[in-house]
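> I'm passing along target-v2.cif; it holds mmCIF, N, CA and C atoms.
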data_query
loop_
_atom_site.label_atom_id
_atom_site.label_comp_id
_atom_site.auth_asym_id
_atom_site.auth_seq_id
_atom_site.Cartn_x
_atom_site.Cartn_y
_atom_site.Cartn_z
N MET A 1221 22.78 -4.93 162.71
CA MET A 1221 22.94 -5.75 161.53
C MET A 1221 23.80 -6.94 161.88
N SER A 1222 23.33 -8.11 161.51
CA SER A 1222 24.09 -9.31 161.82
C SER A 1222 24.09 -10.23 160.61
N GLY A 1223 24.77 -11.36 160.75
CA GLY A 1223 24.85 -12.34 159.69
C GLY A 1223 26.04 -12.09 158.78
N SER A 1224 26.32 -13.12 157.96
CA SER A 1224 27.45 -13.01 157.04
C SER A 1224 27.01 -12.93 155.58
N GLY A 1225 25.71 -12.97 155.32
CA GLY A 1225 25.22 -12.79 153.97
C GLY A 1225 25.20 -14.03 153.11
N VAL A 1226 25.31 -15.20 153.74
CA VAL A 1226 25.22 -16.47 153.01
C VAL A 1226 23.89 -17.14 153.37
N PRO A 1227 23.44 -18.12 152.57
CA PRO A 1227 22.13 -18.71 152.80
C PRO A 1227 21.86 -19.18 154.24
N GLY A 1228 22.79 -19.81 154.87
CA GLY A 1228 22.59 -20.30 156.23
C GLY A 1228 22.76 -19.26 157.32
N ASP A 1229 23.28 -18.09 156.95
CA ASP A 1229 23.53 -17.01 157.90
C ASP A 1229 23.28 -15.66 157.22
N PRO A 1230 22.01 -15.37 156.85
CA PRO A 1230 21.73 -14.13 156.11
C PRO A 1230 21.98 -12.90 156.95
N TRP A 1231 22.18 -11.78 156.24
CA TRP A 1231 22.25 -10.50 156.93
C TRP A 1231 20.86 -10.19 157.46
N ILE A 1232 20.78 -9.69 158.67
CA ILE A 1232 19.55 -9.15 159.21
C ILE A 1232 19.72 -7.64 159.12
N LEU A 1233 18.95 -7.02 158.25
CA LEU A 1233 19.11 -5.61 157.95
C LEU A 1233 17.84 -4.84 158.27
N THR A 1234 17.96 -3.55 158.27
CA THR A 1234 16.84 -2.65 158.51
C THR A 1234 16.71 -1.71 157.31
N THR A 1235 15.48 -1.42 156.92
CA THR A 1235 15.26 -0.47 155.84
C THR A 1235 15.86 0.88 156.24
N PRO A 1236 16.21 1.71 155.27
CA PRO A 1236 16.85 3.00 155.58
C PRO A 1236 16.06 3.89 156.54
N LEU A 1237 14.74 3.82 156.51
CA LEU A 1237 13.94 4.60 157.46
C LEU A 1237 13.93 3.97 158.85
N GLY A 1238 14.40 2.73 158.94
CA GLY A 1238 14.43 2.04 160.23
C GLY A 1238 13.09 1.48 160.66
N THR A 1239 12.16 1.34 159.72
CA THR A 1239 10.80 0.91 160.07
C THR A 1239 10.59 -0.59 159.94
N SER A 1240 11.42 -1.29 159.19
CA SER A 1240 11.23 -2.72 158.97
C SER A 1240 12.56 -3.45 158.92
N GLN A 1241 12.53 -4.68 159.39
CA GLN A 1241 13.68 -5.56 159.31
C GLN A 1241 13.47 -6.56 158.19
N PHE A 1242 14.56 -6.99 157.57
CA PHE A 1242 14.47 -8.00 156.52
C PHE A 1242 15.77 -8.79 156.49
N GLU A 1243 15.75 -9.92 155.80
CA GLU A 1243 16.94 -10.76 155.64
C GLU A 1243 17.38 -10.72 154.19
N MET A 1244 18.68 -10.78 153.99
CA MET A 1244 19.24 -10.77 152.64
C MET A 1244 20.44 -11.71 152.62
N HIS A 1245 20.54 -12.49 151.56
CA HIS A 1245 21.74 -13.29 151.37
C HIS A 1245 22.09 -13.37 149.88
N ILE A 1246 23.35 -13.66 149.65
CA ILE A 1246 23.89 -13.76 148.29
C ILE A 1246 23.90 -15.22 147.86
N ASP A 1247 23.46 -15.46 146.63
CA ASP A 1247 23.57 -16.78 146.01
C ASP A 1247 24.47 -16.58 144.80
N GLU A 1248 25.77 -16.80 144.99
CA GLU A 1248 26.73 -16.55 143.92
C GLU A 1248 26.56 -17.51 142.75
N ASP A 1249 26.09 -18.74 143.01
CA ASP A 1249 25.87 -19.70 141.93
C ASP A 1249 24.83 -19.21 140.94
N LYS A 1250 23.83 -18.50 141.43
CA LYS A 1250 22.75 -18.00 140.58
C LYS A 1250 22.86 -16.51 140.29
N ASP A 1251 23.90 -15.86 140.83
CA ASP A 1251 24.09 -14.41 140.68
C ASP A 1251 22.87 -13.64 141.14
N VAL A 1252 22.38 -13.98 142.35
CA VAL A 1252 21.14 -13.40 142.86
C VAL A 1252 21.32 -12.96 144.31
N LEU A 1253 20.68 -11.83 144.63
CA LEU A 1253 20.48 -11.40 146.01
C LEU A 1253 19.08 -11.84 146.40
N HIS A 1254 18.96 -12.65 147.42
CA HIS A 1254 17.65 -13.10 147.90
C HIS A 1254 17.27 -12.27 149.12
N CYS A 1255 16.07 -11.70 149.08
CA CYS A 1255 15.59 -10.83 150.14
C CYS A 1255 14.29 -11.41 150.69
N GLN A 1256 14.24 -11.61 152.00
CA GLN A 1256 13.01 -12.07 152.63
C GLN A 1256 12.48 -11.00 153.57
N VAL A 1257 11.25 -10.56 153.28
CA VAL A 1257 10.56 -9.57 154.09
C VAL A 1257 9.32 -10.26 154.62
N GLY A 1258 9.33 -10.63 155.90
CA GLY A 1258 8.22 -11.43 156.42
C GLY A 1258 8.21 -12.76 155.69
N LYS A 1259 7.09 -13.08 155.05
CA LYS A 1259 6.98 -14.32 154.27
C LYS A 1259 7.19 -14.09 152.78
N THR A 1260 7.44 -12.85 152.40
CA THR A 1260 7.61 -12.49 150.99
C THR A 1260 9.08 -12.55 150.58
N TRP A 1261 9.33 -13.12 149.41
CA TRP A 1261 10.67 -13.19 148.84
C TRP A 1261 10.78 -12.27 147.64
N LEU A 1262 11.84 -11.47 147.61
CA LEU A 1262 12.18 -10.65 146.46
C LEU A 1262 13.57 -11.08 146.01
N HIS A 1263 13.84 -10.94 144.73
CA HIS A 1263 15.14 -11.36 144.19
C HIS A 1263 15.67 -10.26 143.27
N TYR A 1264 16.95 -9.94 143.45
CA TYR A 1264 17.60 -8.90 142.66
C TYR A 1264 18.87 -9.46 142.03
N LYS A 1265 19.23 -8.95 140.87
CA LYS A 1265 20.47 -9.36 140.23
C LYS A 1265 21.64 -8.97 141.12
N LEU A 1266 22.57 -9.90 141.31
CA LEU A 1266 23.72 -9.66 142.19
C LEU A 1266 24.56 -8.49 141.70
N SER A 1267 24.60 -8.26 140.41
CA SER A 1267 25.37 -7.14 139.86
C SER A 1267 24.87 -5.79 140.38
N ALA A 1268 23.66 -5.77 140.96
CA ALA A 1268 23.11 -4.53 141.50
C ALA A 1268 24.04 -3.90 142.53
N LEU A 1269 24.73 -4.71 143.31
CA LEU A 1269 25.61 -4.17 144.35
C LEU A 1269 26.74 -3.34 143.74
N ASP A 1270 27.47 -3.92 142.82
CA ASP A 1270 28.59 -3.18 142.21
C ASP A 1270 28.08 -2.04 141.33
N ASP A 1271 27.01 -2.29 140.59
CA ASP A 1271 26.49 -1.26 139.69
C ASP A 1271 25.95 -0.06 140.46
N LEU A 1272 25.20 -0.30 141.53
CA LEU A 1272 24.66 0.80 142.33
C LEU A 1272 25.78 1.60 142.97
N HIS A 1273 26.77 0.90 143.52
CA HIS A 1273 27.88 1.61 144.14
C HIS A 1273 28.62 2.47 143.10
N ALA A 1274 28.88 1.92 141.93
CA ALA A 1274 29.58 2.67 140.89
C ALA A 1274 28.77 3.91 140.46
N MET A 1275 27.45 3.76 140.36
CA MET A 1275 26.61 4.88 139.98
C MET A 1275 26.67 5.97 141.05
N LEU A 1276 26.62 5.57 142.32
CA LEU A 1276 26.66 6.54 143.41
C LEU A 1276 28.01 7.24 143.49
N VAL A 1277 29.08 6.51 143.24
CA VAL A 1277 30.42 7.13 143.20
C VAL A 1277 30.46 8.17 142.09
N ALA A 1278 29.96 7.81 140.90
CA ALA A 1278 29.95 8.75 139.77
C ALA A 1278 29.05 9.95 140.05
N HIS A 1279 27.94 9.72 140.74
CA HIS A 1279 27.01 10.80 141.10
C HIS A 1279 27.70 11.80 142.03
N GLY A 1280 28.47 11.29 142.98
CA GLY A 1280 29.31 12.13 143.82
C GLY A 1280 28.64 12.94 144.91
N ASP A 1281 27.35 12.79 145.12
CA ASP A 1281 26.65 13.58 146.14
C ASP A 1281 25.48 12.76 146.67
N TRP A 1282 24.74 13.34 147.58
CA TRP A 1282 23.57 12.67 148.13
C TRP A 1282 22.52 12.48 147.04
N MET A 1283 21.84 11.33 147.08
CA MET A 1283 20.77 11.02 146.13
C MET A 1283 19.57 10.49 146.90
N ASP A 1284 18.39 10.97 146.56
CA ASP A 1284 17.17 10.46 147.17
C ASP A 1284 16.99 8.99 146.83
N LEU A 1285 16.50 8.21 147.80
CA LEU A 1285 16.21 6.80 147.54
C LEU A 1285 14.99 6.65 146.65
N GLY A 1286 13.90 7.33 146.98
CA GLY A 1286 12.70 7.27 146.15
C GLY A 1286 12.02 5.92 146.14
N ASN A 1287 12.03 5.24 147.24
CA ASN A 1287 11.48 3.89 147.35
C ASN A 1287 10.02 3.81 146.89
N LYS A 1288 9.72 2.86 145.99
CA LYS A 1288 8.36 2.61 145.51
C LYS A 1288 8.22 1.14 145.16
N ASP A 1289 6.97 0.65 145.24
CA ASP A 1289 6.76 -0.72 144.78
C ASP A 1289 6.72 -0.72 143.25
N GLU A 1290 6.66 -1.90 142.67
CA GLU A 1290 6.78 -2.04 141.22
C GLU A 1290 5.72 -1.29 140.44
N LYS A 1291 4.51 -1.24 140.94
CA LYS A 1291 3.40 -0.64 140.20
C LYS A 1291 3.37 0.89 140.30
N ALA A 1292 4.11 1.46 141.23
CA ALA A 1292 4.09 2.91 141.43
C ALA A 1292 5.17 3.59 140.58
N GLU A 1293 4.83 4.77 140.08
CA GLU A 1293 5.80 5.58 139.34
C GLU A 1293 6.87 6.09 140.31
N THR A 1294 8.08 6.21 139.83
CA THR A 1294 9.17 6.71 140.66
C THR A 1294 9.51 8.14 140.28
N LYS A 1295 10.07 8.84 141.23
CA LYS A 1295 10.54 10.20 140.99
C LYS A 1295 11.86 10.12 140.22
N PRO A 1296 11.98 10.83 139.11
CA PRO A 1296 13.25 10.82 138.35
C PRO A 1296 14.42 11.27 139.24
N GLY A 1297 15.58 10.70 138.96
CA GLY A 1297 16.78 11.09 139.68
C GLY A 1297 16.96 10.41 141.03
N THR A 1298 16.15 9.39 141.30
CA THR A 1298 16.27 8.65 142.56
C THR A 1298 16.93 7.30 142.32
N VAL A 1299 17.38 6.68 143.39
CA VAL A 1299 17.95 5.33 143.31
C VAL A 1299 16.91 4.36 142.76
N GLU A 1300 15.67 4.47 143.22
CA GLU A 1300 14.62 3.57 142.75
C GLU A 1300 14.40 3.71 141.24
N ALA A 1301 14.38 4.94 140.73
CA ALA A 1301 14.21 5.16 139.30
C ALA A 1301 15.38 4.56 138.52
N TRP A 1302 16.59 4.73 139.03
CA TRP A 1302 17.78 4.18 138.37
C TRP A 1302 17.70 2.64 138.35
N GLY A 1303 17.20 2.03 139.42
CA GLY A 1303 17.13 0.57 139.53
C GLY A 1303 16.18 -0.09 138.56
N ARG A 1304 15.40 0.71 137.84
CA ARG A 1304 14.47 0.16 136.84
C ARG A 1304 14.60 0.85 135.49
N SER A 1305 15.61 1.69 135.34
CA SER A 1305 15.79 2.48 134.13
C SER A 1305 16.45 1.70 133.00
N ALA A 1306 16.03 2.00 131.79
CA ALA A 1306 16.67 1.40 130.61
C ALA A 1306 18.11 1.89 130.46
N ASP A 1307 18.49 2.94 131.18
CA ASP A 1307 19.83 3.51 131.10
C ASP A 1307 20.82 2.90 132.09
N ASN A 1308 20.37 2.01 132.98
CA ASN A 1308 21.32 1.39 133.92
C ASN A 1308 22.08 0.26 133.22
N PRO A 1309 23.12 -0.29 133.85
CA PRO A 1309 23.94 -1.30 133.18
C PRO A 1309 23.22 -2.57 132.71
N VAL A 1310 22.09 -2.92 133.32
CA VAL A 1310 21.36 -4.11 132.88
C VAL A 1310 20.20 -3.76 131.94
N GLY A 1311 20.02 -2.47 131.68
CA GLY A 1311 19.00 -2.04 130.73
C GLY A 1311 17.57 -2.19 131.22
N GLY A 1312 17.38 -2.09 132.52
CA GLY A 1312 16.02 -2.21 133.07
C GLY A 1312 16.04 -2.65 134.51
N TRP A 1313 15.05 -3.41 134.88
CA TRP A 1313 14.85 -3.83 136.27
C TRP A 1313 15.99 -4.70 136.81
N TYR A 1314 16.46 -4.39 138.01
CA TYR A 1314 17.36 -5.28 138.75
C TYR A 1314 16.55 -6.35 139.48
N GLY A 1315 15.29 -6.03 139.78
CA GLY A 1315 14.41 -7.01 140.39
C GLY A 1315 14.09 -8.10 139.37
N ILE A 1316 14.06 -9.35 139.81
CA ILE A 1316 13.94 -10.47 138.90
C ILE A 1316 12.50 -10.99 138.78
N ARG A 1317 11.80 -11.06 139.87
CA ARG A 1317 10.48 -11.70 139.90
C ARG A 1317 9.37 -10.67 139.63
N LYS A 1318 8.72 -10.79 138.48
CA LYS A 1318 7.68 -9.83 138.10
C LYS A 1318 6.61 -9.76 139.19
N GLY A 1319 6.22 -8.53 139.50
CA GLY A 1319 5.28 -8.28 140.58
C GLY A 1319 5.97 -8.00 141.91
N TYR A 1320 7.27 -8.35 141.99
CA TYR A 1320 8.07 -8.16 143.20
C TYR A 1320 9.42 -7.53 142.86
N ARG A 1321 9.43 -6.66 141.85
CA ARG A 1321 10.70 -6.07 141.41
C ARG A 1321 11.00 -4.72 142.02
N GLY A 1322 10.03 -4.11 142.65
CA GLY A 1322 10.22 -2.79 143.23
C GLY A 1322 10.93 -2.83 144.57
N ARG A 1323 10.90 -1.69 145.24
CA ARG A 1323 11.54 -1.52 146.55
C ARG A 1323 13.04 -1.76 146.49
N PHE A 1324 13.62 -1.62 145.31
CA PHE A 1324 15.06 -1.78 145.11
C PHE A 1324 15.86 -0.91 146.08
N ALA A 1325 15.47 0.35 146.20
CA ALA A 1325 16.21 1.30 147.04
C ALA A 1325 16.17 0.90 148.52
N SER A 1326 15.05 0.36 148.97
CA SER A 1326 14.91 -0.01 150.39
C SER A 1326 15.67 -1.26 150.76
N TYR A 1327 15.84 -2.18 149.82
CA TYR A 1327 16.43 -3.46 150.16
C TYR A 1327 17.86 -3.67 149.66
N VAL A 1328 18.24 -3.06 148.55
CA VAL A 1328 19.61 -3.24 148.05
C VAL A 1328 20.58 -2.25 148.69
N ALA A 1329 20.18 -1.00 148.84
CA ALA A 1329 21.08 0.00 149.43
C ALA A 1329 21.56 -0.37 150.84
N PRO A 1330 20.71 -0.96 151.71
CA PRO A 1330 21.21 -1.34 153.04
C PRO A 1330 22.31 -2.41 153.01
N VAL A 1331 22.33 -3.23 151.96
CA VAL A 1331 23.43 -4.20 151.83
C VAL A 1331 24.74 -3.44 151.62
N LEU A 1332 24.70 -2.41 150.78
CA LEU A 1332 25.91 -1.60 150.56
C LEU A 1332 26.33 -0.90 151.85
N GLU A 1333 25.37 -0.48 152.65
CA GLU A 1333 25.72 0.12 153.94
C GLU A 1333 26.41 -0.92 154.82
N ARG A 1334 25.87 -2.12 154.85
CA ARG A 1334 26.46 -3.22 155.65
C ARG A 1334 27.90 -3.50 155.21
N LEU A 1335 28.14 -3.36 153.91
CA LEU A 1335 29.48 -3.60 153.36
C LEU A 1335 30.40 -2.39 153.49
N GLY A 1336 29.89 -1.30 154.09
CA GLY A 1336 30.69 -0.10 154.31
C GLY A 1336 30.92 0.75 153.07
N LYS A 1337 30.03 0.63 152.07
CA LYS A 1337 30.21 1.35 150.81
C LYS A 1337 29.33 2.57 150.64
N VAL A 1338 28.30 2.71 151.48
CA VAL A 1338 27.42 3.88 151.41
C VAL A 1338 27.03 4.31 152.81
N GLU A 1339 26.49 5.52 152.88
CA GLU A 1339 25.92 6.01 154.13
C GLU A 1339 24.58 6.66 153.82
N PHE A 1340 23.72 6.70 154.83
CA PHE A 1340 22.39 7.29 154.68
C PHE A 1340 22.27 8.57 155.48
N ARG A 1341 21.37 9.44 155.02
CA ARG A 1341 21.02 10.66 155.74
C ARG A 1341 19.49 10.74 155.72
N LYS A 1342 18.91 10.89 156.92
CA LYS A 1342 17.46 10.96 157.03
C LYS A 1342 17.03 12.38 157.35
N GLU A 1343 15.99 12.81 156.65
CA GLU A 1343 15.38 14.11 156.90
C GLU A 1343 13.87 13.89 156.90
N GLY A 1344 13.28 13.74 158.08
CA GLY A 1344 11.87 13.42 158.17
C GLY A 1344 11.61 12.04 157.60
N ARG A 1345 10.71 11.94 156.62
CA ARG A 1345 10.41 10.66 155.97
C ARG A 1345 11.24 10.46 154.70
N SER A 1346 12.14 11.37 154.43
CA SER A 1346 12.98 11.28 153.25
C SER A 1346 14.36 10.73 153.64
N VAL A 1347 14.88 9.86 152.78
CA VAL A 1347 16.21 9.29 153.02
C VAL A 1347 17.04 9.48 151.77
N GLN A 1348 18.28 9.87 151.98
CA GLN A 1348 19.24 10.00 150.90
C GLN A 1348 20.42 9.10 151.17
N VAL A 1349 21.14 8.76 150.11
CA VAL A 1349 22.29 7.87 150.21
C VAL A 1349 23.43 8.48 149.39
N ARG A 1350 24.65 8.19 149.81
CA ARG A 1350 25.82 8.56 149.01
C ARG A 1350 26.90 7.53 149.24
N ALA A 1351 27.77 7.42 148.22
CA ALA A 1351 28.86 6.47 148.30
C ALA A 1351 29.93 6.96 149.27
N ILE A 1352 30.56 6.02 149.90
CA ILE A 1352 31.72 6.29 150.74
C ILE A 1352 32.94 5.93 149.91
N SER A 1353 33.81 6.87 149.72
CA SER A 1353 35.01 6.63 148.87
C SER A 1353 36.07 5.89 149.64
#
Just give me the structure as structure tokens.


Amino acid sequence: MSGSGVPGDPWILTTPLGTSQFEMHIDEDKDVLHCQVGKTWLHYKLSALDDLHAMLVAHGDWMDLGNKDEKAETKPGTVEAWGRSADNPVGGWYGIRKGYRGRFASYVAPVLERLGKVEFRKEGRSVQVRAIS
């Protein structure tokens, strides 16, 4: 993982399964996390970082990521389900651009890992995350 997370020097991160690399940077003026995967751009509310970490701290144990694209149903009790739930702090999707709001668990959680706030555990094709206190 490299970069400082700003537009001119984005973080170069890897998905939790380690299968894909992507870039992420923070735009504090717009309160947005910008994610570039290949030529595709995804955008998430910047509050997702603090909100996800707080939820994981409150959860207190390992949680399945449950990564899915926007059109796919998510497994209840996963990070992905929480990232689009009406019960989260923003009352719905953290993803901003309709049609590209999914994959929250794959792209936002690695930023928290880069910041030293979470850790991952892999079991086959399943990945879990928990907060680091």

> Find the residue from A:Ala1306, A:Leu1276, A:Leu1253, A:Leu1266 that sits nearest to A:Pro1230; use only C-alpha atoms when measuring.

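Closest candidate: A:Leu1253.
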
> Taking only N, CA and C atoms into account, name the residue in A:Val1252, A:Ala1351, A:Met1283, A:Met1244 that is nearest to A:Ser1267.

A:Val1252

> List the spatial neighbours of A:Gly1312 as a ChimeraX atom specification - criterion: any atom at most 12 Å away, only C-alpha atoms, same-chain residues fewer than 5 positions off excluded.

/A:1264-1265,1268,1300-1307,1321-1322

> Once you have the residues from the selection above, write them out as a PDB file, in the frame of the given file, restricted to N, CA and C atoms.


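For reference, again.pdb as written:
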ATOM      1  N   TYR A1264      16.950  -9.940 143.450  1.00  0.00           N
ATOM      2  CA  TYR A1264      17.600  -8.900 142.660  1.00  0.00           C
ATOM      3  C   TYR A1264      18.870  -9.460 142.030  1.00  0.00           C
ATOM      4  N   LYS A1265      19.230  -8.950 140.870  1.00  0.00           N
ATOM      5  CA  LYS A1265      20.470  -9.360 140.230  1.00  0.00           C
ATOM      6  C   LYS A1265      21.640  -8.970 141.120  1.00  0.00           C
ATOM      7  N   ALA A1268      23.660  -5.770 140.960  1.00  0.00           N
ATOM      8  CA  ALA A1268      23.110  -4.530 141.500  1.00  0.00           C
ATOM      9  C   ALA A1268      24.040  -3.900 142.530  1.00  0.00           C
ATOM     10  N   GLU A1300      15.670   4.470 143.220  1.00  0.00           N
ATOM     11  CA  GLU A1300      14.620   3.570 142.750  1.00  0.00           C
ATOM     12  C   GLU A1300      14.400   3.710 141.240  1.00  0.00           C
ATOM     13  N   ALA A1301      14.380   4.940 140.730  1.00  0.00           N
ATOM     14  CA  ALA A1301      14.210   5.160 139.300  1.00  0.00           C
ATOM     15  C   ALA A1301      15.380   4.560 138.520  1.00  0.00           C
ATOM     16  N   TRP A1302      16.590   4.730 139.030  1.00  0.00           N
ATOM     17  CA  TRP A1302      17.780   4.180 138.370  1.00  0.00           C
ATOM     18  C   TRP A1302      17.700   2.640 138.350  1.00  0.00           C
ATOM     19  N   GLY A1303      17.200   2.030 139.420  1.00  0.00           N
ATOM     20  CA  GLY A1303      17.130   0.570 139.530  1.00  0.00           C
ATOM     21  C   GLY A1303      16.180  -0.090 138.560  1.00  0.00           C
ATOM     22  N   ARG A1304      15.400   0.710 137.840  1.00  0.00           N
ATOM     23  CA  ARG A1304      14.470   0.160 136.840  1.00  0.00           C
ATOM     24  C   ARG A1304      14.600   0.850 135.490  1.00  0.00           C
ATOM     25  N   SER A1305      15.610   1.690 135.340  1.00  0.00           N
ATOM     26  CA  SER A1305      15.790   2.480 134.130  1.00  0.00           C
ATOM     27  C   SER A1305      16.450   1.700 133.000  1.00  0.00           C
ATOM     28  N   ALA A1306      16.030   2.000 131.790  1.00  0.00           N
ATOM     29  CA  ALA A1306      16.670   1.400 130.610  1.00  0.00           C
ATOM     30  C   ALA A1306      18.110   1.890 130.460  1.00  0.00           C
ATOM     31  N   ASP A1307      18.490   2.940 131.180  1.00  0.00           N
ATOM     32  CA  ASP A1307      19.830   3.510 131.100  1.00  0.00           C
ATOM     33  C   ASP A1307      20.820   2.900 132.090  1.00  0.00           C
ATOM     34  N   ARG A1321       9.430  -6.660 141.850  1.00  0.00           N
ATOM     35  CA  ARG A1321      10.700  -6.070 141.410  1.00  0.00           C
ATOM     36  C   ARG A1321      11.000  -4.720 142.020  1.00  0.00           C
ATOM     37  N   GLY A1322      10.030  -4.110 142.650  1.00  0.00           N
ATOM     38  CA  GLY A1322      10.220  -2.790 143.230  1.00  0.00           C
ATOM     39  C   GLY A1322      10.930  -2.830 144.570  1.00  0.00           C
TER      40      GLY A1322
END

> Near A:Leu1233, counting all atoms listed in the file, which residues have an atom at most 5 Å away, once you skip same-chain residues fewer than 2 positions from it, shown as a JSON list (two decimals) with N, CA and C atoms, keeping the file's coordinate frame?


[["chain", "number", "residue", "atom", "x", "y", "z"],
["A", 1231, "TRP", "N", 22.18, -11.78, 156.24],
["A", 1231, "TRP", "CA", 22.25, -10.50, 156.93],
["A", 1231, "TRP", "C", 20.86, -10.19, 157.46],
["A", 1235, "THR", "N", 15.48, -1.42, 156.92],
["A", 1235, "THR", "CA", 15.26, -0.47, 155.84],
["A", 1235, "THR", "C", 15.86, 0.88, 156.24],
["A", 1241, "GLN", "N", 12.53, -4.68, 159.39],
["A", 1241, "GLN", "CA", 13.68, -5.56, 159.31],
["A", 1241, "GLN", "C", 13.47, -6.56, 158.19],
["A", 1242, "PHE", "N", 14.56, -6.99, 157.57],
["A", 1242, "PHE", "CA", 14.47, -8.00, 156.52],
["A", 1242, "PHE", "C", 15.77, -8.79, 156.49],
["A", 1243, "GLU", "N", 15.75, -9.92, 155.80],
["A", 1243, "GLU", "CA", 16.94, -10.76, 155.64],
["A", 1243, "GLU", "C", 17.38, -10.72, 154.19]]

> Rank nothing, just name the residue among A:Arg1334, A:His1263, A:Lys1250, A:Arg1323 nearest to A:Asp1289, using only N, CA and C atoms.

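Checking each candidate against A:Asp1289, we get A:Arg1323 as the closest.
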
> If I take atom C of A:Trp1261 and atom C of A:Tyr1320, how far is one from the other in Å, to one decimal?

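Separation between atom C of A:Trp1261 and atom C of A:Tyr1320: 6.9 Å.
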
> State, in Å with one decimal place, the distance from atom CA of A:Gly1280 to atom CA of A:Asp1251.

27.2 Å

> Just how far from atom CA of A:Tyr1327 is atom CA of A:Cys1255, in Å to one decimal?

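Separation of atom CA of A:Cys1255 and atom CA of A:Tyr1327: 7.4 Å.
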
> Based on DSSP run over this structure's backbone, return all residues of chain A in strand (DSSP E), as a PyMOL selection string.

chain A and resi 1231-1234+1241-1247+1252-1257+1260-1265+1283-1284+1338-1343+1346-1351

> I'd like to know which of A:Asp1281, A:Asp1270, A:Asp1229, A:Glu1333 is closest to A:His1245, using all atoms listed in the file.

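Checking each of A:Asp1281, A:Asp1270, A:Asp1229, A:Glu1333 against A:His1245, counting all atoms listed in the file, the winner is A:Asp1229.
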
> Which is closest to A:Val1338 among A:Glu1290, A:His1273, A:Asp1284, A:Phe1324, if we use all atoms listed in the file?

A:His1273

> Which of these, A:Lys1337, A:Gly1238, A:Leu1262, A:Val1257, has the shortest distance to A:Gly1315 once you count only C-alpha atoms?

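That would be A:Leu1262, the residue with the smallest distance to A:Gly1315.
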
> I'd like the contact shell of A:Ser1326 - 8 Å cut-off, all atoms listed in the file, skipping same-chain residues fewer than 2 positions apart - returned as a list in words.

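Selected residues are Thr1234, Thr1235, Pro1236, Leu1237, Leu1285, Gly1286, Asn1287, Lys1288, Val1299, Glu1300, Gly1322, Arg1323, Phe1324, Val1328, Ala1329, Pro1330 and Val1331 of chain A.
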
> Please return, as a VMD selection string, all residues of stretch 1269-1338 of chain A that DSSP assigns to helix (DSSP H, G or I) on the basis of the backbone.

chain A and resid 1269 to 1279 1299 to 1302 1324 to 1334
